[in-house]
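Engineer: The file below is input_19.txt, compact mmCIF, C-alpha atoms:
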```txt
# COMPACT_ATOMS: atom_id res chain seq x y z
CA MET A 1 -21.72 109.53 57.55
CA GLN A 2 -21.73 110.95 54.01
CA THR A 3 -25.51 111.36 54.16
CA GLU A 4 -25.24 113.21 57.48
CA ASN A 5 -22.51 115.51 56.15
CA PHE A 6 -24.56 116.21 53.03
CA ARG A 7 -27.60 117.01 55.17
CA LYS A 8 -25.58 119.48 57.24
CA PHE A 9 -24.08 121.01 54.10
CA LEU A 10 -27.51 121.37 52.50
CA GLY A 11 -28.97 122.86 55.67
CA HIS A 12 -26.14 125.38 55.81
CA LYS A 13 -26.75 126.38 52.18
CA ILE A 14 -30.50 126.72 52.75
CA ARG A 15 -29.90 128.96 55.78
CA ARG A 16 -27.60 131.14 53.69
CA VAL A 17 -30.21 131.48 50.95
CA LEU A 18 -33.03 132.30 53.41
CA ILE A 19 -30.93 134.91 55.21
CA ALA A 20 -29.90 136.43 51.88
CA ILE A 21 -33.57 136.64 50.82
CA PHE A 22 -34.45 138.25 54.15
CA CYS A 23 -31.72 140.89 53.76
CA VAL A 24 -32.79 141.68 50.20
CA PHE A 25 -36.42 142.00 51.35
CA VAL A 26 -35.53 144.43 54.14
CA VAL A 27 -33.30 146.54 51.89
CA VAL A 28 -35.87 146.70 49.05
CA CYS A 29 -38.75 147.53 51.40
CA THR A 30 -36.73 150.21 53.18
CA ALA A 31 -35.72 151.78 49.88
CA PHE A 32 -39.30 151.61 48.57
CA VAL A 33 -40.68 153.33 51.66
CA MET A 34 -38.03 156.04 51.62
CA PHE A 35 -38.33 156.88 47.92
CA HIS A 36 -42.02 156.19 47.32
CA SER A 37 -44.17 156.33 50.48
CA TYR A 38 -42.26 158.38 53.03
CA VAL A 39 -43.57 161.92 53.64
CA PRO A 40 -41.20 163.77 56.03
CA SER A 41 -43.60 166.68 56.44
CA LYS A 42 -46.01 164.43 58.35
CA ASN A 43 -43.34 163.50 60.92
CA ASN A 44 -42.30 165.42 63.99
CA LEU A 45 -38.63 165.98 64.79
CA GLU A 46 -38.40 162.88 67.00
CA ALA A 47 -39.76 160.67 64.22
CA LEU A 48 -37.39 162.16 61.65
CA SER A 49 -34.33 161.48 63.84
CA SER A 50 -35.58 157.95 64.59
CA VAL A 51 -35.99 157.18 60.88
CA CYS A 52 -32.42 158.30 60.14
CA MET A 53 -30.98 156.25 63.01
CA ASP A 54 -32.93 153.15 62.01
CA ILE A 55 -31.71 153.33 58.40
CA ILE A 56 -28.09 153.58 59.55
CA CYS A 57 -28.58 150.59 61.87
CA ILE A 58 -30.23 148.54 59.10
CA ILE A 59 -27.24 149.13 56.84
CA ILE A 60 -24.77 148.15 59.57
CA LEU A 61 -26.75 145.04 60.56
CA ILE A 62 -27.07 143.89 56.93
CA ILE A 63 -23.28 144.16 56.57
CA LEU A 64 -22.76 142.09 59.75
CA ILE A 65 -25.26 139.48 58.60
CA GLY A 66 -23.44 139.30 55.26
CA SER A 67 -20.26 138.30 57.05
CA PHE A 68 -22.08 135.21 58.34
CA VAL A 69 -23.83 134.41 55.07
CA PHE A 70 -20.61 134.38 53.06
CA ASP A 71 -18.29 133.00 55.73
CA ASN A 72 -17.78 129.58 57.34
CA TYR A 73 -18.36 131.06 60.80
CA GLY A 74 -21.99 130.14 60.27
CA LEU A 75 -21.05 126.47 60.67
CA TYR A 76 -20.58 126.89 64.44
CA HIS A 77 -23.58 126.64 66.77
CA THR A 78 -22.72 129.81 68.68
CA THR A 79 -22.25 131.92 65.58
CA ARG A 80 -25.49 130.57 64.12
CA LEU A 81 -27.30 131.79 67.22
CA PHE A 82 -25.59 135.16 66.95
CA ALA A 83 -26.54 135.36 63.27
CA GLY A 84 -30.11 134.68 64.39
CA LEU A 85 -29.79 137.50 66.92
CA LEU A 86 -28.61 139.85 64.15
CA VAL A 87 -31.53 138.83 61.93
CA ALA A 88 -34.02 139.37 64.78
CA THR A 89 -32.46 142.76 65.58
CA THR A 90 -32.65 143.76 61.91
CA TRP A 91 -36.34 142.85 61.82
CA ALA A 92 -36.98 144.81 65.03
CA VAL A 93 -35.18 147.87 63.63
CA PHE A 94 -37.05 147.51 60.32
CA LEU A 95 -40.43 147.47 62.12
CA ASP A 96 -39.30 150.42 64.22
CA PHE A 97 -38.32 152.21 61.00
CA LEU A 98 -41.77 151.60 59.50
CA ASN A 99 -43.40 152.80 62.70
CA TRP A 100 -41.53 156.10 62.70
CA ALA A 101 -41.60 156.52 58.92
CA PHE A 102 -45.40 156.45 58.89
CA ASP A 103 -45.80 158.29 62.20
CA GLY A 104 -48.63 160.78 61.86
CA SER A 105 -49.82 159.43 58.52
CA LEU A 106 -51.79 156.29 59.44
CA ALA A 107 -54.58 155.69 61.94
CA VAL A 108 -54.30 153.36 64.97
CA GLY A 109 -56.45 150.70 63.39
CA GLN A 110 -54.30 150.47 60.26
CA PHE A 111 -50.79 149.17 59.53
CA ASN A 112 -48.92 151.50 61.84
CA PHE A 113 -50.44 149.83 64.87
CA TRP A 114 -49.03 146.46 63.80
CA PHE A 115 -45.63 147.97 63.01
CA THR A 116 -45.48 149.36 66.54
CA ALA A 117 -46.83 146.23 68.22
CA GLY A 118 -44.40 144.02 66.32
CA SER A 119 -41.51 146.30 67.18
CA LEU A 120 -42.32 146.16 70.90
CA CYS A 121 -42.80 142.38 70.88
CA MET A 122 -39.34 141.95 69.35
CA GLY A 123 -37.78 143.11 72.63
CA ALA A 124 -38.79 139.86 74.33
CA ILE A 125 -37.63 137.79 71.32
CA LEU A 126 -34.23 139.50 71.29
CA ALA A 127 -33.76 138.90 75.02
CA GLY A 128 -34.69 135.22 74.59
CA ILE A 129 -32.30 134.66 71.68
CA PHE A 130 -29.51 136.50 73.50
CA SER A 131 -30.06 134.25 76.55
CA LEU A 132 -29.53 131.14 74.41
CA TYR A 133 -26.57 132.72 72.59
CA LEU A 134 -24.88 133.71 75.83
CA TYR A 135 -25.20 130.20 77.23
CA SER A 136 -23.97 128.61 73.99
CA TYR A 137 -20.98 130.96 73.90
CA MET A 138 -20.02 130.27 77.51
CA GLU A 139 -20.44 126.52 76.99
CA GLU A 140 -18.36 126.33 73.80
CA THR A 141 -15.69 128.82 74.87
CA HIS A 142 -15.35 128.24 78.62
CA ARG A 143 -17.17 124.91 79.21
CA LEU A 144 -19.51 126.81 81.55
CA SER A 145 -22.52 124.49 81.33
CA LYS A 146 -23.96 125.46 84.71
CA MET A 147 -25.95 128.35 83.25
CA ARG A 148 -27.85 126.15 80.79
CA MET A 149 -30.97 125.82 82.93
CA SER A 150 -30.91 129.54 83.78
CA ALA A 151 -30.64 130.44 80.08
CA LEU A 152 -33.54 128.15 79.17
CA ILE A 153 -35.67 129.62 81.97
CA CYS A 154 -34.84 133.15 80.83
CA ALA A 155 -35.74 132.23 77.25
CA GLY A 156 -39.04 130.76 78.48
CA ILE A 157 -39.83 133.86 80.54
CA ASN A 158 -39.28 136.02 77.48
CA VAL A 159 -41.73 133.88 75.50
CA VAL A 160 -44.30 134.73 78.18
CA SER A 161 -43.17 138.36 77.99
CA PHE A 162 -43.86 138.29 74.24
CA VAL A 163 -47.45 137.21 74.91
CA ILE A 164 -47.89 139.86 77.63
CA THR A 165 -46.50 142.56 75.32
CA PHE A 166 -48.89 141.55 72.57
CA VAL A 167 -51.87 141.64 74.95
CA LEU A 168 -50.89 145.06 76.29
CA ALA A 169 -50.48 146.32 72.73
CA VAL A 170 -53.87 145.06 71.62
CA THR A 171 -55.58 146.54 74.68
CA GLY A 172 -53.87 149.90 74.08
CA THR A 173 -52.09 150.02 77.45
CA ALA A 174 -48.53 149.64 76.10
CA PHE A 175 -48.78 152.44 73.55
CA THR A 176 -51.34 154.78 72.06
CA PHE A 177 -51.73 157.06 69.05
CA VAL A 178 -52.65 160.71 69.52
CA ASP A 179 -53.50 162.48 66.25
CA GLY A 180 -51.78 159.61 64.43
CA HIS A 181 -48.52 160.00 66.39
CA TYR A 182 -47.08 157.09 68.43
CA GLN A 183 -46.94 157.71 72.19
CA ILE A 184 -45.90 155.49 75.09
CA GLY A 185 -48.79 154.04 77.08
CA ALA A 186 -49.36 153.65 80.81
CA LEU A 187 -47.99 150.08 81.04
CA TYR A 188 -45.13 150.51 78.59
CA ASP A 189 -42.56 149.85 81.34
CA ILE A 190 -43.82 146.27 81.71
CA VAL A 191 -42.92 145.66 78.07
CA THR A 192 -39.24 146.40 78.73
CA ILE A 193 -38.74 145.44 82.36
CA ILE A 194 -39.20 141.65 81.94
CA PRO A 195 -36.59 141.18 79.16
CA VAL A 196 -34.18 143.52 80.90
CA LEU A 197 -34.52 141.72 84.25
CA THR A 198 -33.84 138.32 82.67
CA LEU A 199 -30.71 139.63 80.96
CA ILE A 200 -29.51 141.30 84.16
CA TYR A 201 -29.88 137.94 85.90
CA LEU A 202 -27.83 136.16 83.23
CA THR A 203 -25.18 138.88 83.34
CA GLY A 204 -24.94 138.39 87.10
CA PHE A 205 -24.40 134.68 86.46
CA VAL A 206 -21.53 135.47 84.10
CA ILE A 207 -20.02 137.97 86.56
CA ARG A 208 -20.04 135.23 89.19
CA TYR A 209 -17.57 133.27 87.03
CA THR A 210 -15.42 136.26 86.05
CA LYS A 211 -12.15 134.46 86.83
CA LYS A 212 -13.08 131.60 84.53
CA VAL A 213 -14.62 133.50 81.60
CA GLY A 214 -12.48 136.65 81.67
CA LEU A 215 -13.41 140.33 81.91
CA HIS A 216 -13.89 140.78 78.15
CA ASP A 217 -16.83 138.33 78.16
CA VAL A 218 -18.31 139.96 81.26
CA PHE A 219 -18.11 143.33 79.49
CA ALA A 220 -19.84 141.84 76.43
CA ALA A 221 -22.77 140.52 78.46
CA ALA A 222 -23.01 143.66 80.61
CA GLY A 223 -22.64 145.87 77.54
CA TYR A 224 -25.67 144.34 75.87
CA ILE A 225 -27.77 145.04 78.98
CA PHE A 226 -26.42 148.57 79.28
CA PHE A 227 -27.28 149.48 75.68
CA MET A 228 -30.76 147.95 75.94
CA ILE A 229 -31.56 149.82 79.18
CA PHE A 230 -30.04 153.07 77.94
CA GLY A 231 -31.99 152.96 74.67
CA ALA A 232 -35.27 152.14 76.42
CA LEU A 233 -34.81 154.97 78.94
CA VAL A 234 -34.08 157.53 76.23
CA GLU A 235 -37.10 156.40 74.20
CA ALA A 236 -39.37 156.51 77.25
CA THR A 237 -38.11 159.97 78.23
CA TYR A 238 -37.86 161.75 74.87
CA SER A 239 -40.11 159.61 72.61
CA ILE A 240 -37.21 158.94 70.21
CA GLY A 241 -36.79 155.43 68.75
CA THR A 242 -33.48 154.60 70.42
CA THR A 243 -34.22 151.19 71.96
CA TYR A 244 -33.31 149.09 68.94
CA VAL A 245 -30.65 151.52 67.82
CA SER A 246 -28.93 150.80 71.13
CA VAL A 247 -29.47 147.04 70.69
CA ALA A 248 -27.95 147.26 67.19
CA ILE A 249 -24.91 149.04 68.67
CA ALA A 250 -24.70 146.29 71.30
CA ASP A 251 -24.75 143.66 68.53
CA VAL A 252 -21.84 145.40 66.81
CA PHE A 253 -20.01 145.47 70.16
CA ILE A 254 -20.57 141.73 70.67
CA PHE A 255 -19.77 140.97 67.02
CA VAL A 256 -16.31 142.50 67.41
CA MET A 257 -15.65 140.51 70.58
CA LEU A 258 -16.96 137.31 68.99
CA GLN A 259 -14.72 137.77 65.95
CA ASN A 260 -11.77 138.36 68.26
CA GLU A 261 -12.59 135.17 70.18
CA ILE A 262 -12.94 133.18 66.94
CA ILE A 263 -9.58 134.45 65.68
CA THR A 264 -7.97 133.69 69.05
CA GLN A 265 -9.47 130.18 69.05
CA GLU A 266 -8.24 129.53 65.52
CA LYS A 267 -4.75 130.62 66.55
CA ARG A 268 -4.96 128.22 69.50
CA ASN A 269 -6.04 125.42 67.17
CA VAL A 270 -3.13 126.13 64.82
CA GLN A 271 -0.68 126.18 67.73
CA LYS A 272 -2.20 122.98 69.09
CA TRP A 273 -1.93 121.31 65.69
CA MET A 274 1.68 122.44 65.29
CA LYS A 275 2.53 121.16 68.74
CA GLN A 276 0.86 117.82 68.06
CA SER A 277 2.61 117.49 64.71
CA ASN A 278 5.97 118.00 66.41
CA THR A 279 5.35 116.02 69.59
CA ASP A 280 5.67 112.32 70.34
CA GLU A 281 2.40 111.22 71.90
CA LEU A 282 3.82 108.61 74.28
CA THR A 283 6.75 110.49 75.81
CA GLY A 284 5.81 114.11 75.21
CA PHE A 285 9.23 114.71 73.60
CA LEU A 286 9.71 116.34 70.22
CA ASN A 287 9.44 113.86 67.33
CA ARG A 288 11.48 113.07 64.22
CA HIS A 289 9.76 115.82 62.24
CA ALA A 290 10.88 118.41 64.78
CA TYR A 291 14.35 116.86 64.94
CA GLU A 292 14.85 117.11 61.18
CA ALA A 293 13.66 120.72 61.21
CA GLU A 294 16.19 121.51 63.97
CA MET A 295 18.99 119.78 62.07
CA ARG A 296 18.25 121.92 59.00
CA LYS A 297 18.85 125.02 61.10
CA PHE A 298 22.38 123.83 61.90
CA VAL A 299 23.22 123.90 58.19
CA GLU A 300 23.23 127.70 58.33
CA ASP A 301 23.91 128.35 62.03
CA ASP A 302 26.93 126.63 63.51
CA PRO A 303 26.41 125.78 67.22
CA SER A 304 28.62 127.15 69.98
CA ASP A 305 31.54 125.28 71.53
CA ASP A 306 29.47 123.99 74.47
CA PHE A 307 27.08 122.17 72.12
CA VAL A 308 26.73 118.43 72.78
CA TYR A 309 25.05 115.86 70.55
CA VAL A 310 23.75 112.86 72.50
CA SER A 311 22.47 109.70 70.83
CA MET A 312 20.52 107.34 73.12
CA ASP A 313 18.89 103.95 72.80
CA VAL A 314 16.75 102.06 75.34
CA ASN A 315 18.27 98.62 75.90
CA GLY A 316 16.11 95.50 75.75
CA LEU A 317 12.90 97.08 74.46
CA LYS A 318 12.20 94.27 71.96
CA THR A 319 12.76 91.62 74.62
CA VAL A 320 10.35 93.37 76.99
CA ASN A 321 7.72 93.72 74.25
CA ASP A 322 8.03 90.05 73.29
CA SER A 323 8.08 88.76 76.87
CA PHE A 324 5.69 91.05 78.73
CA GLY A 325 3.67 92.83 76.05
CA HIS A 326 3.58 96.31 74.58
CA ASN A 327 2.16 97.87 77.76
CA ALA A 328 5.37 96.88 79.51
CA GLY A 329 7.37 98.24 76.55
CA ASP A 330 5.51 101.55 76.77
CA GLU A 331 6.22 101.68 80.50
CA LEU A 332 9.92 101.17 79.76
CA LEU A 333 9.93 103.99 77.20
CA VAL A 334 8.04 106.37 79.50
CA GLY A 335 10.44 105.54 82.33
CA ALA A 336 13.42 106.21 80.06
CA SER A 337 11.91 109.52 78.93
CA GLU A 338 11.36 110.59 82.54
CA CYS A 339 15.01 109.91 83.35
CA MET A 340 16.16 111.74 80.21
CA LYS A 341 13.98 114.74 80.94
CA LYS A 342 15.29 114.90 84.49
CA CYS A 343 18.93 114.77 83.41
CA PHE A 344 18.95 116.56 80.01
CA GLY A 345 15.80 118.68 80.04
CA GLU A 346 17.20 121.89 81.49
CA TYR A 347 20.15 121.93 79.08
CA GLY A 348 18.40 121.63 75.71
CA LYS A 349 15.87 119.66 73.64
CA ILE A 350 15.11 115.95 73.60
CA TYR A 351 13.69 114.07 70.62
CA ARG A 352 12.26 110.61 70.14
CA ILE A 353 13.17 109.76 66.54
CA GLY A 354 12.25 106.05 66.53
CA GLY A 355 10.87 103.21 68.63
CA ASP A 356 13.69 103.15 71.20
CA GLU A 357 15.90 105.87 69.73
CA PHE A 358 16.30 109.26 71.37
CA ILE A 359 18.42 112.33 70.65
CA ALA A 360 19.37 115.14 73.02
CA LEU A 361 20.77 118.41 71.65
CA ILE A 362 22.11 120.19 74.68
CA TYR A 363 24.56 122.90 75.72
CA ALA A 364 26.89 122.05 78.59
CA ASP A 365 30.54 122.60 79.53
CA ALA A 366 32.86 119.72 80.42
CA LYS A 367 32.05 119.82 84.14
CA THR A 368 28.31 119.92 83.56
CA LEU A 369 28.48 117.14 80.98
CA LYS A 370 30.33 114.92 83.42
CA LYS A 371 27.55 115.49 85.96
CA ILE A 372 24.89 114.74 83.32
CA LYS A 373 26.54 111.40 82.47
CA THR A 374 26.59 110.43 86.13
CA ASP A 375 22.99 111.56 86.64
CA ILE A 376 21.58 109.56 83.74
CA GLU A 377 23.40 106.40 84.88
CA GLU A 378 22.07 106.80 88.44
CA ALA A 379 18.54 107.71 87.31
CA THR A 380 18.18 104.68 85.03
CA ALA A 381 19.79 102.34 87.57
CA ASN A 382 17.37 103.45 90.29
CA TRP A 383 14.24 103.30 88.13
CA HIS A 384 11.68 100.54 88.74
CA GLY A 385 8.28 100.18 87.04
CA LYS A 386 5.17 98.15 87.76
CA LEU A 387 5.59 95.81 84.82
CA VAL A 388 9.33 96.14 84.25
CA ASP A 389 11.90 96.16 87.00
CA HIS A 390 15.03 97.19 85.10
CA LEU A 391 15.97 100.08 82.81
CA ALA A 392 19.20 100.73 80.92
CA VAL A 393 19.96 103.40 78.32
CA SER A 394 23.04 103.38 76.09
CA CYS A 395 24.40 106.86 75.30
CA GLY A 396 26.87 108.24 72.80
CA TYR A 397 28.23 111.76 73.43
CA VAL A 398 30.01 114.08 71.00
CA THR A 399 30.97 117.64 72.00
CA ARG A 400 31.45 120.51 69.61
CA GLU A 401 34.72 121.44 71.24
CA GLU A 402 36.00 117.92 70.59
CA LYS A 403 34.92 117.80 66.91
CA LYS A 404 35.08 121.39 65.64
CA GLU A 405 35.93 120.25 62.13
CA LEU A 406 32.67 118.27 61.78
CA THR A 407 29.21 119.45 60.88
CA VAL A 408 26.37 118.63 63.24
CA LYS A 409 25.19 115.96 60.84
CA GLN A 410 28.64 114.37 60.95
CA MET A 411 28.65 114.65 64.75
CA ALA A 412 25.41 112.64 64.70
CA VAL A 413 27.16 109.79 62.90
CA VAL A 414 29.97 109.74 65.48
CA ALA A 415 27.47 109.89 68.36
CA ASP A 416 25.49 106.97 66.89
CA ARG A 417 28.67 104.90 66.56
CA ARG A 418 29.61 105.60 70.18
CA MET A 419 26.06 104.77 71.30
CA TYR A 420 26.22 101.39 69.53
CA ASP A 421 29.63 100.72 71.12
CA ALA A 422 28.10 101.44 74.53
CA LYS A 423 25.16 99.20 73.67
CA ALA A 424 27.50 96.34 72.68
CA LYS A 425 29.38 96.67 75.98
CA TYR A 426 26.09 96.61 77.90
CA TYR A 427 24.88 93.40 76.23
CA LYS A 428 28.30 91.80 76.66
CA SER A 429 28.20 92.62 80.39
CA GLN A 430 24.77 90.97 80.50
CA GLY A 431 26.05 87.87 78.75
CA VAL A 432 23.85 88.41 75.72
CA ASP A 433 25.15 87.61 72.25
CA ARG A 434 22.97 89.80 70.03
CA ARG A 435 24.28 88.16 66.86
CA LYS A 436 22.25 85.07 67.76
CA LYS A 437 19.17 87.26 67.94
```
Can you present the structure in this file as structure tokens?
Structural biologist:
Amino acid sequence: MQTENFRKFLGHKIRRVLIAIFCVFVVVCTAFVMFHSYVPSKNNLEALSSVCMDIICIIILIILIGSFVFDNYGLYHTTRLFAGLLVATTWAVFLDFLNWAFDGSLAVGQFNFWFTAGSLCMGAILAGIFSLYLYSYMEETHRLSKMRMSALICAGINVVSFVITFVLAVTGTAFTFVDGHYQIGALYDIVTIIPVLTLIYLTGFVIRYTKKVGLHDVFAAAGYIFFMIFGALVEATYSIGTTYVSVAIADVFIFVMLQNEIITQEKRNVQKWMKQSNTDELTGFLNRHAYEAEMRKFVEDDPSDDFVYVSMDVNGLKTVNDSFGHNAGDELLVGASECMKKCFGEYGKIYRIGGDEFIALIYADAKTLKKIKTDIEEATANWHGKLVDHLAVSCGYVTREEKKELTVKQMAVVADRRMYDAKAKYYKSQGVDRRKK
């Protein structure tokens, strides 16, 4: 186990270092190009605007990636995939930046061709990674495992799309250079249509389960598609590098929603932990820890006159455990808790503070309390289990109106004494001399 944990820890550290190196490389190369090799006079207006947009997106994406490098969110499978999506998007934007930065200054057969080809091929990679991320997110967050096969198929299709894009680029049908300037080729639409179609299909799958996943997750999936399509259309129409700018915006959009989901999940985990720490596992009642916390409140806040402290004990639990086993004892305790919940539940809180010891802190007037006493006697008398046929609970009641001069802690002592008196009467009626036990 220690070896496995160390391996995971080491792998996490290595990923952090590699991502940090990647970010430094992109930043240094971008700065070098801008301050050393970039010649704005060789660009047209579309290229100049594309360069500016790409630089802004690179800065934003590096900041988002940094939040994963220096935060424990990277430990989760879903967030690791999203971090991978951010890295891939950053690389795509960086290649797009190089393409537009050197637009008009390099020939087709030189580096600019590979910048452009790599940038186009990244569309299929981004769609494939997003397919896997979307499935992982839906599986971890909503247990929606049905889309696994669809996500894997979409990822596989985008691998094929990557190959097709590369072939079209090499043959000059996806894009061309006229006087050194990048222009969209005759079959450019094929480069974008395959990734977009796969993502539309996955989004439709998510929409199908809207009631289960929630509208915010549907908007996240649909938003990614919208930004990708919008950016591709603008680039195809006006020859401005907006495709990956739009994808970067979509990543920011998803990042915000993912962070919100993570925060919400952590709050749920805290609430779940707090509930578990204050709840008795067998009966579902509050436990001694919760009881003591409630009693501390009464030190400062005196209860109203209709407050009633009830001390209860399940009769014969040890005998049942010794004679029939602990399963029978658990059945007896669960049966007692069901009767207590039915009779006391709507009037206050019930606590299991020991093996067979229960406390009810309720609010009831004299008439209601009389009814409660009758109800608990009838409920326990009529209860029958599979392993145990008989149930009896001894109760000690103390009302605030009766003992106004006492603190709640002192009322507890009186209630316990009355409960033990009731218990002694019960055993005497059964012909059991507990002193011999």
Engineer: How far is it from CA of Val314 (chain A) to CA of Glu357 (chain A), in Å with one decimal?
Structural biologist: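 Here the two named atoms are 6.8 Å from each other.
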Engineer: Calculated over all atoms listed in the file, which of the candidates A:Leu333, A:Val413, A:Arg352, A:Lys367 has the smallest distance to Val393 (chain A)?
Structural biologist: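 Under the stated criterion, the closest residue is A:Leu333.
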Engineer: Which residues of region 105-210 of chain A come within 12 Å of region 248-258 of chain A, and for each one, what is the closest pair of atoms and their distance in Å to one decimal, counting only C-alpha atoms, sorted by chain and residue number, as JSON lines?
Structural biologist:
```
{"residue": "A:Gly123", "atom": "CA", "partner": "A:Ala248", "partner_atom": "CA", "distance": 12.0}
{"residue": "A:Leu126", "atom": "CA", "partner": "A:Asp251", "partner_atom": "CA", "distance": 10.7}
{"residue": "A:Phe130", "atom": "CA", "partner": "A:Asp251", "partner_atom": "CA", "distance": 9.9}
{"residue": "A:Tyr133", "atom": "CA", "partner": "A:Ile254", "partner_atom": "CA", "distance": 11.0}
{"residue": "A:Leu134", "atom": "CA", "partner": "A:Ile254", "partner_atom": "CA", "distance": 10.5}
{"residue": "A:Tyr137", "atom": "CA", "partner": "A:Leu258", "partner_atom": "CA", "distance": 9.0}
{"residue": "A:Met138", "atom": "CA", "partner": "A:Leu258", "partner_atom": "CA", "distance": 11.5}
{"residue": "A:Thr141", "atom": "CA", "partner": "A:Leu258", "partner_atom": "CA", "distance": 10.4}
```
Engineer: Which residues come within 8 Å of Val218 (chain A), counting only C-alpha atoms, excluding same-chain residues fewer than 6 positions away, as a ChimeraX atom specification?
Structural biologist: /A:203,206-207,210
Engineer: Do a neighbour search on Leu98 (chain A) at 9 Å with only C-alpha atoms, toss out local chain neighbours closer than 3 positions, and write the hits as a list in words.
Structural biologist: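 Result of the neighbour search: Thr30, Val33, Val51, Val93, Phe94, Leu95, Ala101, Phe102, Asp103, Asn112, Phe115 and Thr116 of chain A.
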Engineer: Restricting the calculation to only C-alpha atoms: of A:Glu294, A:Glu338, A:Glu266, A:Asp305, which residue gets closest to Ile376 (chain A)?
Structural biologist: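 Among A:Glu294, A:Glu338, A:Glu266, A:Asp305, it is A:Glu338 that comes nearest to Ile376 (chain A).
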Engineer: Between CA of Gly156 (chain A) and CA of Pro195 (chain A), what is the spacing in Å?
Structural biologist: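 Between these atoms lies a distance of 10.7 Å.
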Engineer: Separation of CA of Thr176 (chain A) and CA of Thr89 (chain A), in Å?
Structural biologist: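 Separation of CA of Thr176 (chain A) and CA of Thr89 (chain A): 23.3 Å.
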Engineer: Using all atoms listed in the file, can you tell me which of A:Gln265, A:Phe162, A:Val408, A:Gly396 comes closest to Arg296 (chain A)?
Structural biologist: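 Among the listed residues, A:Val408 lies closest to Arg296 (chain A).
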Engineer: Compile the contact shell of Leu199 (chain A) as a list in words: residues with an atom at most 9 Å away, counting only C-alpha atoms, same-chain residues fewer than 5 positions apart removed.
Structural biologist: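 In the requested form, the answer reads Ala127, Gly128, Phe130, Ser131, Cys154, Ile194, Gly204, Ala221, Ala222, Tyr224 and Ile225 of chain A.
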Engineer: Which residues come within 10 Å of Gly325 (chain A), counting only C-alpha atoms, excluding same-chain residues fewer than 6 positions away, as a list in words?
Structural biologist: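 The filter keeps Lys318, Thr319 and Leu387 of chain A.
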Engineer: Would you mind telling me which residue in A:Ser150, A:Gln410, A:Ser429, A:Thr79 lies nearest to Leu64 (chain A) when using only C-alpha atoms?
Structural biologist: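 Looking only at the distances to Leu64 (chain A), the closest residue turns out to be A:Thr79.
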Engineer: If you count all atoms listed in the file, which residues fall within 12 Å of Ala186 (chain A), apart from same-chain ones fewer than 2 positions away, as a VMD selection string?
Structural biologist: chain A and resid 168 to 169 171 to 176 183 to 184 188 to 191 236
